[in-house]
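Asks: Sending over a structure as structure tokens; questions will come in a sec.
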Amino acid sequence: MWFFTDEQKELQNVCRSFAEKEIAPYAEKHDHDETFNIEAFKKMGELGLLGITADPKYGGAGLGAIEATIVMEEFGKACAGLTLSYLAHSMLCVNNISTNASEEQKAKYLPKLISGEQIGCMAMSEPGYGSDAVGMQCKAVKDGKNYVITGNKMWITNAQYADVIYLYARTGKEKKALTTFILEKDTKGFSVSKEIHKMGMRGSPTGELTFENCIVPESQRVGEEGSSIHHMMKNLDIERITISGISLGIAEACVQQCIKYSGERKQFEQTLANFQLIQKMIAEMSAETTMMRHFLYSTCKEYDLGIQDNVQAAKVKLQLPKMVTKIALDAIQLHGGYGYSREFPLEKYMRDNKLMEIGAGTNEVMIMIIAKNLLKEAMRG
Amino acid sequence: MNAFHKELSEQVHKYCSDKIWPLMEEDDEKEIFRPELFHGLGELGLCGIPIPSQYGGAELKYHDLCIVLSIIAGYSVPYAVTVSVSTMVQGILLEFGSEKQKAKYLPELAEGKAIASFAFSESHAGSDAASMKTTAKKTKGGYILNGSKMWISSAGYSKTYVVMARTGAEGSKGISAFIVEDGMEGFSIGKREKKMGWRTSATCEILFENCFVPEENLIGIEGQGFKIALSGLNKGRITIAAISIGLAEKAIDVATRYALEREQFGKAIYSFQGLQFMIAENATEIEAARSLMEKACENYDNNNINIKIAAMAKLKATDVAMKATTDAVQILGGVGYTKEYPVERFMRDAKVLQIVEGTNQIQKVIIAREMKNERT
């Protein structure tokens with residue numbers, strides 16, 4: 001982007017070469033075996049990327065939405081699955097602790113999470129509460145100086161590998177009576193009750209968590225009782241923006257692969273690139289990718305400058321994933337039989353990107369948020 | 001649907017839900033094909049539907065075949081495709097084969113005791129099939145085949161392969177069609193493709209190394225191969241349309257049932273207009289595609305072959321299937337993305353329907369060519 005600083009361009013280069021060397025060569029294998037590239041993840045710690053937005057006092061890089069999105073895009077190009085795990089750790093866990101937790105809690109958890117010694121996850125959704133996350137039923141009951149936590153959490157990225165769980169639980173009857181806790185994996189009564197097998201993002205572990213009378217000391221509570229909604233609101237925008245960077249990376253990978261293949265593959269004694277149908281597909285997917293890049297990074301810039309309106313992030317999260325599923329489907333189509341085979345990465349791009357329309361708020365939830373905000377006044381009548 | 005169709009449908013539904021459906025998730029993940037399920041479909045008389053009864057077929061119409069394939073596809077696209085391809089090969093033998101060939105090969109195929117494969121594409125000749133490199137050199141008493149064929153469905157499980165190979169000059173006129181039997185010397189199965197979907201179905205490369213094929217296995221006459229293949233594909237397109245419609249219908253059925261039960265924000269998600277519109281639009285598109293497919297069937301059943309309509313049916317129905325299965329995953333949300341519900345498999349299976357039997361880009365080329373031919 002034209003407004004990237006030299007430091008941002010340098011970050012882009014570092015991430016690109018790291019992804020080409022450490023992520024891309026192993027992406028197909030981890031996707032096939034449903035395994036997690038923990039070696040690459042740990043090396044992200046050495047590069048200082050695991051706390052990209054976190055407080056520098058505890059080892060974080062203290063950077064903004066632009067930098068975090070650059071990482072997502074570059075890693076997303078190489079393997080969206082691993083990038084999703086990176087996002088769950090660095091944005092959903094580390095960034096939330098950095099912005100909401102006390103100094104003691106930050107000192108206790110951030111250094112190890114940022115170095116990569118420990119892995120984090122965030123636990124919000126439940127089996128019966130997906131889009132309606134605020135309706136969650138996992139409860140934390142006060143008992144002297146402790147809380148007793150009981151319930152289940154679903155679709156938890158990094159569940160099987162997480163040392164630290166950033167958890168939301170119900171502490172009262174009112175819909176918004178939700179409280180945030182930091183839980184460690186060795187807490188008695190806590191378990192990863194199920195591994196979830198998915199269509200795509202197979203390089204990112206997903207599990208269901210069970211809490212059976214888990215006793216958590218009061219000191220593990222983040223902020224005041226009932227302040228979760230406030231915590232969530234503070235970071236939702238940056239989470240929606242940065243996750244969209246994964247889709248942008250996938251789109252870019254599709255365009256590059258289609259251009260390459262069109263120049264190599266011959267049918268009817270000409271390269272595919274000579275056919276107008278193919279030209280149309282490539283021209284359109286490239287135009288859309290450029291449009292998305294501008295939309296996304298302008299939004300990042302506004303976010304970092306603190307001048308963003310409250311539905312811009314939801315608009316990004318609605319548009320990018322949706323457009324990229326279409327692009328990935330077209331990219332398979334352009335490659336024909338080879339696009340459908342697992343020897344080429346196109347079918348993985350499509351499977352991975354489909355999650356982007358569902359995770360971190362479905363397209364339908366984004367539509368609700370945007371419409372509700374835009375029509376707040378009008379809907380009263 | 002008349003009483004006969006109703007009875008036929010009930011039988012097919014019963015077999016598929018009892019025998020096929022319970023195995024599909026695991027067989028998809030592990031890439032397992034079970035010939036006994038195909039033979040079971042054969043026992044129900046479903047493997048040679050349009051073939052005359054003198055050759056062991058059910059002597060029904062293409063429309064009947066399409067109804068059956070739609071139903072099977074709702075449970076398993078790969079088994080529907082296996083039946084579809086095997087039936088397409090029988091259609092070729094019926095139309096172009098000698099009496100001896102028909103008598104020898106058709107009965108066991110039509111009764112579902114054996115499976116047939118169609119070998120046309122090569123690694124460098126996909127959409128441009130006429131540029132194929134596999135050769136068949138005339139020799140005493142037959143032909144010697146050399147080369148390889150790609151994306152062959154049911155390879156390794158089939159007994160009979162209809163193979164297109166070059167006997168003459170470059171281009172489509174130099175191609176002939178042969179019957180190659182499993183076990184012939186010099187014929188072997190190459191690597192099995194790892195695919196996004198259709199994982200139950202075995203898709204492999206097949207290889208010919210100085211494979212001798214007797215003269216009596218040439219279908220029709222030398223140089224007729226390309227025409228024979230296209231005639232098969234014209235029918236194959238309609239069956240792919242039928243499979244797409246069955247799959248789309250099932251995906252929207254699963255999504256609708258789920259939306260009626262799943263509650264968020266204190267009410268069934270079906271009560272949200274955004275979701276209702278997705279379901280209404282898909283249901284409408286499915287009916288539109290079905291009408292087109294039925295029109296194409298009617299043309300075939302009345303010997304009034306219309307290549308344009310068949311290509312349109314394939315193009316429309318496969319696009320509808322892609323949209324419907326993608327939306328079904330979206331409607332189920334997180335669980336739709338997991339292996340616990342079938343919709344993610346439906347979506348993966350749908351994609352290749354836009355690629356096989358001529359990519360949808362090729363269908364557009366065909367439609368445009370026919371539009372021009374009608375006017376010049």
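In the structure tokens, the first chain shown is A, the next is B, and so on; residue numbers restart at 1 for each chain, and ligands run from 1 in the order shown.
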Go through region 130-316 of chain A and collect every residue that DSSP, computed from the backbone, puts in helix (DSSP H, G or I); the answer should be as an MDAnalysis selection string.
Replies: chainID A and resid 133:135 159:161 218:220 228:264 272:274 276:305 312:316
Asks: Could the residues of chain A that have an atom at most 7 Å from chain B be listed as CSV, each with its closest atom pair and the distance in Å to one decimal, counting only C-alpha atoms and ordered by chain and ascending residue number?
Replies:
```
residue,atom,partner,partner_atom,distance
A:Tyr129,CA,B:Gln264,CA,6.8
A:Ser131,CA,B:Gln264,CA,6.8
A:Asp132,CA,B:Gln264,CA,5.4
A:Ile196,CA,B:Thr338,CA,6.9
A:His197,CA,B:Lys339,CA,5.6
A:Lys198,CA,B:Thr338,CA,4.2
A:Met199,CA,B:Tyr337,CA,5.5
A:Gln267,CA,B:Asp128,CA,5.1
A:Phe268,CA,B:Asp128,CA,5.3
A:Gln333,CA,B:Ile355,CA,6.7
A:Gly336,CA,B:Ile355,CA,5.7
A:Gly337,CA,B:Ile355,CA,6.6
A:Tyr340,CA,B:Met196,CA,5.6
A:Ser341,CA,B:Lys195,CA,4.2
A:Arg342,CA,B:Lys195,CA,5.2
A:Glu347,CA,B:Met196,CA,6.0
A:Leu355,CA,B:Tyr337,CA,7.0
A:Ile358,CA,B:Gly333,CA,5.7
```
Asks: With DSSP run on the backbone, what are the strand (DSSP E) residues within region 169-223 of chain A? I'd like them as a list in words.
Replies: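 The residues of region 169-223 of chain A classed as strand (DSSP E) are Ala169, Arg170, Leu178, Thr179, Thr180, Phe181, Ile182, Leu183, Glu184, Phe190, Ser191, Val192, Ser193, Lys194, Glu195, Thr206, Gly207, Glu208, Leu209, Thr210, Phe211, Glu212, Asn213, Cys214, Ile215, Val216, Pro217, Arg221 and Val222 of chain A.
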Asks: List the spatial neighbours of Val255 (chain A) as an mmCIF file with N, CA and C atoms, in the first residue's frame - criterion: any atom at most 7 Å away, only C-alpha atoms, same-chain residues fewer than 5 positions off excluded.
Replies:
```cif
data_model
loop_
_atom_site.group_PDB
_atom_site.id
_atom_site.type_symbol
_atom_site.label_atom_id
_atom_site.label_comp_id
_atom_site.auth_asym_id
_atom_site.auth_seq_id
_atom_site.Cartn_x
_atom_site.Cartn_y
_atom_site.Cartn_z
ATOM 1 N N ILE A 282 -9.338 -14.028 -14.507
ATOM 2 C CA ILE A 282 -8.145 -13.488 -13.853
ATOM 3 C C ILE A 282 -8.279 -11.976 -13.648
ATOM 4 N N MET A 285 -10.776 -11.435 -10.749
ATOM 5 C CA MET A 285 -10.298 -11.788 -9.402
ATOM 6 C C MET A 285 -9.171 -10.854 -8.960
ATOM 7 N N SER A 286 -8.375 -10.394 -9.917
ATOM 8 C CA SER A 286 -7.303 -9.472 -9.560
ATOM 9 C C SER A 286 -7.868 -8.092 -9.196
#
```
Asks: Just checking: using only C-alpha atoms, which residue out of B:Ala310, B:Leu46, B:Leu145, B:Leu37 ends up closest to Pro78 (chain B)?
Replies: B:Leu37
Asks: For region 59-73 of chain B, list every protein, DNA or RNA residue within 6 Å, evaluated using only C-alpha atoms, and leave out those in the same chain fewer than 3 positions away; present the list as a PDB file with N, CA and C atoms, in the first residue's frame.
Replies:
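Below you can see result-v5.pdb, which holds the result:
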```
ATOM      1  N   ILE B  49     -30.426 -48.662 -16.628  1.00  0.00           N
ATOM      2  CA  ILE B  49     -31.832 -48.227 -16.755  1.00  0.00           C
ATOM      3  C   ILE B  49     -32.290 -48.032 -18.207  1.00  0.00           C
ATOM      4  N   PRO B  50     -31.536 -47.330 -19.063  1.00  0.00           N
ATOM      5  CA  PRO B  50     -32.067 -47.128 -20.422  1.00  0.00           C
ATOM      6  C   PRO B  50     -31.704 -48.244 -21.406  1.00  0.00           C
ATOM      7  N   ILE B  51     -31.110 -49.324 -20.902  1.00  0.00           N
ATOM      8  CA  ILE B  51     -30.643 -50.401 -21.792  1.00  0.00           C
ATOM      9  C   ILE B  51     -31.789 -51.408 -22.036  1.00  0.00           C
ATOM     10  N   PRO B  52     -31.970 -51.864 -23.289  1.00  0.00           N
ATOM     11  CA  PRO B  52     -33.055 -52.812 -23.577  1.00  0.00           C
ATOM     12  C   PRO B  52     -32.970 -54.087 -22.739  1.00  0.00           C
ATOM     13  N   SER B  53     -34.123 -54.646 -22.452  1.00  0.00           N
ATOM     14  CA  SER B  53     -34.147 -55.817 -21.561  1.00  0.00           C
ATOM     15  C   SER B  53     -33.421 -57.015 -22.169  1.00  0.00           C
ATOM     16  N   SER B  76     -25.118 -40.064  -1.874  1.00  0.00           N
ATOM     17  CA  SER B  76     -23.704 -40.162  -2.243  1.00  0.00           C
ATOM     18  C   SER B  76     -23.499 -39.784  -3.698  1.00  0.00           C
ATOM     19  N   VAL B  77     -22.849 -38.680  -3.913  1.00  0.00           N
ATOM     20  CA  VAL B  77     -22.532 -38.277  -5.288  1.00  0.00           C
ATOM     21  C   VAL B  77     -21.604 -39.301  -5.953  1.00  0.00           C
ATOM     22  N   ALA B  80     -23.550 -42.230  -7.296  1.00  0.00           N
ATOM     23  CA  ALA B  80     -24.390 -41.786  -8.415  1.00  0.00           C
ATOM     24  C   ALA B  80     -23.535 -41.633  -9.670  1.00  0.00           C
ATOM     25  N   THR B 239     -26.991 -36.477 -17.155  1.00  0.00           N
ATOM     26  CA  THR B 239     -26.961 -37.209 -15.890  1.00  0.00           C
ATOM     27  C   THR B 239     -26.193 -36.425 -14.834  1.00  0.00           C
ATOM     28  N   ALA B 242     -28.650 -34.145 -13.444  1.00  0.00           N
ATOM     29  CA  ALA B 242     -29.558 -34.823 -12.514  1.00  0.00           C
ATOM     30  C   ALA B 242     -28.891 -35.016 -11.152  1.00  0.00           C
ATOM     31  N   ILE B 243     -27.626 -35.421 -11.169  1.00  0.00           N
ATOM     32  CA  ILE B 243     -26.881 -35.635  -9.927  1.00  0.00           C
ATOM     33  C   ILE B 243     -26.777 -34.306  -9.161  1.00  0.00           C
ATOM     34  N   GLY B 246     -30.093 -33.463  -7.481  1.00  0.00           N
ATOM     35  CA  GLY B 246     -30.310 -34.294  -6.289  1.00  0.00           C
ATOM     36  C   GLY B 246     -29.477 -33.815  -5.117  1.00  0.00           C
ATOM     37  N   LEU B 247     -28.245 -33.456  -5.407  1.00  0.00           N
ATOM     38  CA  LEU B 247     -27.343 -32.992  -4.342  1.00  0.00           C
ATOM     39  C   LEU B 247     -27.824 -31.652  -3.782  1.00  0.00           C
ATOM     40  N   CYS B 297     -33.928 -34.356 -20.988  1.00  0.00           N
ATOM     41  CA  CYS B 297     -34.285 -35.781 -20.969  1.00  0.00           C
ATOM     42  C   CYS B 297     -35.348 -36.074 -22.018  1.00  0.00           C
TER      43      CYS B 297
END
```
Asks: Using only C-alpha atoms, which residue out of B:Ile240, B:Ala255, B:Ile279, B:Ala169 lies closest to Ala296 (chain B)?
Replies: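 Nearest to Ala296 (chain B): B:Ile240.
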